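Novice: Below are the structure tokens for one structure; questions will follow.
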Amino acid sequence: MNYQTDVCIIGAGPGGALLAYLLAKQNISTILIERSDKLGKEFRGEHLNEDGEKILKKHHIFEEIESLGLLRMSRVEYWKDGHIFKTIESELGHAGIHVPQQHLLQSITNKAGHCSHYKLLLGTKVTELIKNAHGHYIGIKAIQKDGKDITIQSKLIIGADGRHSAVRKLAHIKNEIRHHGYDLLWAKIPAPEKWKPTIRFTVVNNQQMALFTQTGGFIQIGWNIKKGSYTSLKKQSVQPFLDQLILAFPQLKESIEQTLSSWKDFILLSVYSSHCDTWVKNGLAIIGDAAHTMTPTGAYGMNASIMDADVLSQILPKLLSQGSLEAGKLKVFEDARRKIVEDLQAQQVVTEDSFMEKFTNSLKIEKENLPLFRIQ
Ligand SMILES: Cc1cc2nc3c(=O)[nH]c(=O)nc-3n(C[C@H](O)[C@H](O)[C@H](O)COP(=O)(O)OP(=O)(O)OC[C@H]3O[C@@H](n4cnc5c(N)ncnc54)[C@H](O)[C@@H]3O)c2cc1C
């Protein structure tokens, strides 16, 4: 099967899905391909900050998500030895919003589905990039779940295919990885009755642990472990690990005992951030995690992908109408976003390095790092 389009976007995560909608809405023919046969895999970043919120509101997507379900965090709390010792409340009225991926992606793709210039191909995995004789990218080859090969000719290819981006590899874009000394174990448990929608931090075993309240009555546990230690950890009994979790948050005893009993109940996230030497080539750009993977600290990753999509959707219509899709022209996008993203990545390192200080010398939280938050 052969397709022809203006823009072919690979990856229907938050960045790719939003960009596809924003382009199709401007009558730019857009094909979005996604290797999974359903949208919104679990355990992707789900906390929206004020930047992501603003963009989703600007494009009238937020209210659709709200009708499917989201949850505003009332505050951030710091806990020690099973007791709360500091809370931070936001002057925005919330300290982040939990948005289930399913709700986010469904809302965006529902809206996009009303645009006549939009096509979504699920169960479709990119396998090859096509170049013309001048080395300009002019399309992709992909394989579908039923084994059929397809070709999509396009004026522009967008790699929005996440941290392990195939587009980035196929376009030979150099990607430098930085390890941050820790990996993360994730688990999801039911929230006890009357559990407030909060983000809670504590220290267990000299490592950060965070609890994120989720829509629908759940808590997502994020537990930092030493980088690369999971293989040996897994060989030990999980019980002492669970006992420490209960000690840190005694209110969760019943929920933990009912839900967690083996390492299989946790999901490992290998934590790193990345930096590409370029985000653009002739006829191609990469966005979101494909261009700049971030660590989970501060929950910036999904929000950064959403911002990339918003910025690029404003730049592309003019470039497409002028037929100017060389790297030099697409660079305007990279110039608009790279410094902002790299500053956030630097901020993540500062936050990670200073986390333990909050639990010693009577909580040193710098107010200027949290301009919209009131510390109590
Ligand atoms: C456990 C965890 C918690 C996080 N918490 C937060 C948070 O609270 N807030 C926040 O802002 N960020 C968070 N992040 C980061 C956030 O999830 C990512 O930054 C965000 O999902 C990146 O969006 P994206 O659209 O760039 O890529 P992704 O969400 O990774 O989407 C890429 C898409 O491309 C598809 N794809 C991949 N390869 C191919 C291929 N070859 N062909 C076709 N399709 C392909 C994938 O299936 C996927 O759907 C977290 C990340 C993790 C792993």
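Every chain in the structure tokens takes a letter, A first, then B, and so on in the order presented; its residues are numbered from 1, and the ligands are numbered from 1 following the presented order.
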Give me the residues within 12 Å of Asp277 in chain A as a list in words, counting only C-alpha atoms and dropping any in the same chain fewer than 2 places off.
Specialist: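 My list of contacting residues is Arg168, His172, Ile173, Lys174, Asn175, Glu176, Ile177, Ser274, His275, Trp279, Val280, Lys281, Ile286, Ala291, His292, Glu334 and Arg338 of chain A.
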Novice: Taking only residues of chain A that have an atom at most 6 Å from an atom of ligand 1, what is each one's shortest atom pair and its distance in Å to one decimal, using only C-alpha atoms and all ligand atoms, in chain and number order, as JSON lines?
Specialist:
{"residue": "A:Ile10", "atom": "CA", "partner": "ligand 1", "partner_atom_place_in_ligand_line": "43 (C)", "distance": 5.1}
{"residue": "A:Gly11", "atom": "CA", "partner": "ligand 1", "partner_atom_place_in_ligand_line": "34 (O)", "distance": 3.2}
{"residue": "A:Ala12", "atom": "CA", "partner": "ligand 1", "partner_atom_place_in_ligand_line": "49 (O)", "distance": 4.7}
{"residue": "A:Gly13", "atom": "CA", "partner": "ligand 1", "partner_atom_place_in_ligand_line": "31 (O)", "distance": 3.4}
{"residue": "A:Pro14", "atom": "CA", "partner": "ligand 1", "partner_atom_place_in_ligand_line": "25 (O)", "distance": 4.1}
{"residue": "A:Gly15", "atom": "CA", "partner": "ligand 1", "partner_atom_place_in_ligand_line": "25 (O)", "distance": 3.7}
{"residue": "A:Gly16", "atom": "CA", "partner": "ligand 1", "partner_atom_place_in_ligand_line": "25 (O)", "distance": 5.3}
{"residue": "A:Ile33", "atom": "CA", "partner": "ligand 1", "partner_atom_place_in_ligand_line": "43 (C)", "distance": 5.6}
{"residue": "A:Glu34", "atom": "CA", "partner": "ligand 1", "partner_atom_place_in_ligand_line": "44 (N)", "distance": 3.9}
{"residue": "A:Arg35", "atom": "CA", "partner": "ligand 1", "partner_atom_place_in_ligand_line": "43 (C)", "distance": 4.0}
{"residue": "A:Ser36", "atom": "CA", "partner": "ligand 1", "partner_atom_place_in_ligand_line": "47 (O)", "distance": 5.4}
{"residue": "A:Phe43", "atom": "CA", "partner": "ligand 1", "partner_atom_place_in_ligand_line": "1 (C)", "distance": 5.0}
{"residue": "A:Arg44", "atom": "CA", "partner": "ligand 1", "partner_atom_place_in_ligand_line": "17 (O)", "distance": 4.1}
{"residue": "A:Gly45", "atom": "CA", "partner": "ligand 1", "partner_atom_place_in_ligand_line": "6 (C)", "distance": 2.9}
{"residue": "A:Glu46", "atom": "CA", "partner": "ligand 1", "partner_atom_place_in_ligand_line": "8 (O)", "distance": 4.4}
{"residue": "A:His47", "atom": "CA", "partner": "ligand 1", "partner_atom_place_in_ligand_line": "8 (O)", "distance": 3.7}
{"residue": "A:Leu48", "atom": "CA", "partner": "ligand 1", "partner_atom_place_in_ligand_line": "11 (O)", "distance": 5.8}
{"residue": "A:Thr124", "atom": "CA", "partner": "ligand 1", "partner_atom_place_in_ligand_line": "43 (C)", "distance": 5.8}
{"residue": "A:Lys125", "atom": "CA", "partner": "ligand 1", "partner_atom_place_in_ligand_line": "42 (N)", "distance": 3.6}
{"residue": "A:Val126", "atom": "CA", "partner": "ligand 1", "partner_atom_place_in_ligand_line": "42 (N)", "distance": 4.3}
{"residue": "A:Ala160", "atom": "CA", "partner": "ligand 1", "partner_atom_place_in_ligand_line": "26 (O)", "distance": 5.4}
{"residue": "A:Asp161", "atom": "CA", "partner": "ligand 1", "partner_atom_place_in_ligand_line": "34 (O)", "distance": 3.3}
{"residue": "A:Gly162", "atom": "CA", "partner": "ligand 1", "partner_atom_place_in_ligand_line": "30 (O)", "distance": 3.5}
{"residue": "A:Arg163", "atom": "CA", "partner": "ligand 1", "partner_atom_place_in_ligand_line": "30 (O)", "distance": 5.9}
{"residue": "A:Ser165", "atom": "CA", "partner": "ligand 1", "partner_atom_place_in_ligand_line": "38 (N)", "distance": 5.7}
{"residue": "A:Ala166", "atom": "CA", "partner": "ligand 1", "partner_atom_place_in_ligand_line": "41 (N)", "distance": 5.0}
{"residue": "A:Leu269", "atom": "CA", "partner": "ligand 1", "partner_atom_place_in_ligand_line": "1 (C)", "distance": 6.0}
{"residue": "A:Gly288", "atom": "CA", "partner": "ligand 1", "partner_atom_place_in_ligand_line": "26 (O)", "distance": 3.4}
{"residue": "A:Asp289", "atom": "CA", "partner": "ligand 1", "partner_atom_place_in_ligand_line": "26 (O)", "distance": 4.0}
{"residue": "A:Ala290", "atom": "CA", "partner": "ligand 1", "partner_atom_place_in_ligand_line": "26 (O)", "distance": 5.9}
{"residue": "A:Pro296", "atom": "CA", "partner": "ligand 1", "partner_atom_place_in_ligand_line": "4 (C)", "distance": 5.0}
{"residue": "A:Ala299", "atom": "CA", "partner": "ligand 1", "partner_atom_place_in_ligand_line": "9 (N)", "distance": 3.5}
{"residue": "A:Tyr300", "atom": "CA", "partner": "ligand 1", "partner_atom_place_in_ligand_line": "11 (O)", "distance": 4.0}
{"residue": "A:Gly301", "atom": "CA", "partner": "ligand 1", "partner_atom_place_in_ligand_line": "19 (O)", "distance": 3.1}
{"residue": "A:Met302", "atom": "CA", "partner": "ligand 1", "partner_atom_place_in_ligand_line": "11 (O)", "distance": 3.3}
{"residue": "A:Asn303", "atom": "CA", "partner": "ligand 1", "partner_atom_place_in_ligand_line": "11 (O)", "distance": 4.4}
{"residue": "A:Ser305", "atom": "CA", "partner": "ligand 1", "partner_atom_place_in_ligand_line": "26 (O)", "distance": 4.9}
Novice: When DSSP works through the backbone of this structure, what residues of range 77-210 of chain A end up as helix (DSSP H, G or I), shown as a ChimeraX atom specification?
Specialist: /A:101-113,166-170
Novice: Limited to N, CA and C atoms, could you put the picked residues into a file as an mmCIF file, in the first residue's frame?
Specialist:
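The file below, selection-v2.cif, is the result:
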data_model
loop_
_atom_site.group_PDB
_atom_site.id
_atom_site.type_symbol
_atom_site.label_atom_id
_atom_site.label_comp_id
_atom_site.auth_asym_id
_atom_site.auth_seq_id
_atom_site.Cartn_x
_atom_site.Cartn_y
_atom_site.Cartn_z
ATOM 1 N N GLN A 101 -2.949 8.733 30.554
ATOM 2 C CA GLN A 101 -2.532 8.769 29.138
ATOM 3 C C GLN A 101 -3.684 8.468 28.194
ATOM 4 N N GLN A 102 -4.488 7.473 28.580
ATOM 5 C CA GLN A 102 -5.633 7.085 27.734
ATOM 6 C C GLN A 102 -6.521 8.293 27.483
ATOM 7 N N HIS A 103 -6.768 9.074 28.543
ATOM 8 C CA HIS A 103 -7.668 10.228 28.433
ATOM 9 C C HIS A 103 -7.046 11.320 27.583
ATOM 10 N N LEU A 104 -5.741 11.532 27.781
ATOM 11 C CA LEU A 104 -5.043 12.562 27.005
ATOM 12 C C LEU A 104 -5.053 12.199 25.520
ATOM 13 N N LEU A 105 -4.615 10.985 25.213
ATOM 14 C CA LEU A 105 -4.469 10.604 23.802
ATOM 15 C C LEU A 105 -5.828 10.423 23.127
ATOM 16 N N GLN A 106 -6.777 9.903 23.874
ATOM 17 C CA GLN A 106 -8.125 9.737 23.304
ATOM 18 C C GLN A 106 -8.735 11.098 22.968
ATOM 19 N N SER A 107 -8.555 12.071 23.860
ATOM 20 C CA SER A 107 -9.113 13.408 23.617
ATOM 21 C C SER A 107 -8.482 14.039 22.384
ATOM 22 N N ILE A 108 -7.164 13.911 22.274
ATOM 23 C CA ILE A 108 -6.473 14.527 21.117
ATOM 24 C C ILE A 108 -6.894 13.823 19.830
ATOM 25 N N THR A 109 -6.873 12.481 19.832
ATOM 26 C CA THR A 109 -7.154 11.769 18.571
ATOM 27 C C THR A 109 -8.643 11.862 18.207
ATOM 28 N N ASN A 110 -9.511 11.994 19.200
ATOM 29 C CA ASN A 110 -10.941 12.211 18.882
ATOM 30 C C ASN A 110 -11.107 13.508 18.108
ATOM 31 N N LYS A 111 -10.432 14.540 18.598
ATOM 32 C CA LYS A 111 -10.534 15.850 17.930
ATOM 33 C C LYS A 111 -9.920 15.754 16.532
ATOM 34 N N ALA A 112 -8.771 15.105 16.443
ATOM 35 C CA ALA A 112 -8.090 14.985 15.142
ATOM 36 C C ALA A 112 -8.955 14.207 14.149
ATOM 37 N N GLY A 113 -9.689 13.221 14.676
ATOM 38 C CA GLY A 113 -10.547 12.385 13.818
ATOM 39 C C GLY A 113 -11.583 13.188 13.041
ATOM 40 N N ALA A 166 13.415 5.021 16.706
ATOM 41 C CA ALA A 166 13.942 4.353 15.507
ATOM 42 C C ALA A 166 14.290 5.398 14.450
ATOM 43 N N VAL A 167 13.482 6.468 14.381
ATOM 44 C CA VAL A 167 13.730 7.519 13.378
ATOM 45 C C VAL A 167 15.102 8.154 13.632
ATOM 46 N N ARG A 168 15.368 8.440 14.900
ATOM 47 C CA ARG A 168 16.665 9.055 15.256
ATOM 48 C C ARG A 168 17.822 8.143 14.818
ATOM 49 N N LYS A 169 17.667 6.833 15.074
ATOM 50 C CA LYS A 169 18.742 5.894 14.703
ATOM 51 C C LYS A 169 18.869 5.803 13.195
ATOM 52 N N LEU A 170 17.712 5.679 12.503
ATOM 53 C CA LEU A 170 17.748 5.526 11.044
ATOM 54 C C LEU A 170 18.308 6.781 10.366
#
Novice: Quick one: everything within 9 Å of Glu53 in chain A, counting only C-alpha atoms, minus sequence neighbours fewer than 4 positions away in the same chain. Send it as a PDB file with N, CA and C atoms, in the first residue's frame.
Specialist:
ATOM      1  N   LEU A  48       0.738  16.546  34.519  1.00  0.00           N
ATOM      2  CA  LEU A  48       0.744  17.742  33.675  1.00  0.00           C
ATOM      3  C   LEU A  48       1.141  18.928  34.548  1.00  0.00           C
ATOM      4  N   ASN A  49       2.079  19.750  34.072  1.00  0.00           N
ATOM      5  CA  ASN A  49       2.380  20.977  34.819  1.00  0.00           C
ATOM      6  C   ASN A  49       1.684  22.164  34.153  1.00  0.00           C
ATOM      7  N   LYS A  57      -5.230  23.816  27.181  1.00  0.00           N
ATOM      8  CA  LYS A  57      -6.379  24.737  27.295  1.00  0.00           C
ATOM      9  C   LYS A  57      -6.477  25.604  26.039  1.00  0.00           C
ATOM     10  N   LYS A  58      -5.330  26.076  25.559  1.00  0.00           N
ATOM     11  CA  LYS A  58      -5.311  26.932  24.365  1.00  0.00           C
ATOM     12  C   LYS A  58      -5.967  26.218  23.184  1.00  0.00           C
ATOM     13  N   PHE A  62      -8.168  20.438  26.913  1.00  0.00           N
ATOM     14  CA  PHE A  62      -8.218  20.212  28.361  1.00  0.00           C
ATOM     15  C   PHE A  62      -9.622  19.833  28.826  1.00  0.00           C
ATOM     16  N   GLY A  96       0.054  20.447  40.148  1.00  0.00           N
ATOM     17  CA  GLY A  96       0.158  19.471  39.055  1.00  0.00           C
ATOM     18  C   GLY A  96      -1.170  18.730  38.893  1.00  0.00           C
ATOM     19  N   ILE A  97      -1.353  18.165  37.708  1.00  0.00           N
ATOM     20  CA  ILE A  97      -2.623  17.478  37.427  1.00  0.00           C
ATOM     21  C   ILE A  97      -2.332  16.074  36.919  1.00  0.00           C
ATOM     22  N   ASN A 303       5.360  17.142  29.319  1.00  0.00           N
ATOM     23  CA  ASN A 303       5.072  18.565  29.112  1.00  0.00           C
ATOM     24  C   ASN A 303       5.990  19.163  28.052  1.00  0.00           C
TER      25      ASN A 303
END
Novice: Using DSSP on the backbone coordinates, identify all residues within range 154-287 of chain A classified as strand (DSSP E or B); present the result as a VMD selection string.
Specialist: chain A and resid 154 to 159 175 to 179 182 to 190 198 to 204 207 to 214 218 to 226 267 to 269 272 to 276 280 to 281 284 to 286
Novice: Which distance in Å separates CA of Glu193 in chain A and CA of Pro250 in chain A, to one decimal?
Specialist: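 Rounded to one decimal, the two atoms are 13.8 Å apart.
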Novice: When you look at Lys196 in chain A with a cut-off of 10 Å (counting only C-alpha atoms), what residues show up, excluding the ones that are within fewer than 6 positions of it in the same chain? I need them as number ranges by chain.
Specialist: A: 73-75, 213, 217
Novice: So how many Å separate CA of Ile143 in chain A and CA of Tyr21 in chain A, to one decimal?
Specialist: 23.1 Å
Novice: Considering only C-alpha atoms, return as a PyMOL selection string whatever protein or nucleic-acid residues lie within 9 Å of range 241-248 of chain A, sequence-local ones (same chain, fewer than 4 positions apart) excluded.
Specialist: chain A and resi 79-83+202-205+209+237+252-253+256-257+260-261
Novice: Any chance you could export the current selection's C-alpha atoms as a compact mmCIF listing (two decimals), in the first residue's frame?
Specialist:
# COMPACT_ATOMS: atom_id res chain seq x y z
CA TRP A 79 7.24 12.81 55.04
CA LYS A 80 9.73 11.43 57.53
CA ASP A 81 9.33 8.35 59.78
CA GLY A 82 5.66 8.00 58.85
CA HIS A 83 4.83 11.65 59.64
CA THR A 202 10.07 10.60 51.57
CA VAL A 203 13.43 8.88 51.89
CA VAL A 204 13.70 5.13 52.22
CA ASN A 205 17.07 3.36 52.33
CA MET A 209 10.45 7.65 47.21
CA SER A 237 13.01 -11.40 48.87
CA LEU A 252 -0.93 2.17 52.98
CA LYS A 253 -0.40 -1.12 54.86
CA ILE A 256 0.25 -2.70 49.84
CA GLU A 257 -0.47 -6.11 51.38
CA LEU A 260 2.14 -6.06 46.07
CA SER A 261 3.68 -9.45 46.75
Novice: Could you please determine the separation between CA of Ser255 in chain A and CA of Glu77 in chain A in Å, to one decimal place?
Specialist: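 These atoms are spaced 19.9 Å apart.
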Novice: Can you pull out the residues contacting Asp310 in chain A? Cut-off 9 Å, using only C-alpha atoms, and skip same-chain residues under 6 positions away; I want them as a ChimeraX atom specification.
Specialist: /A:15,18-19,22,55
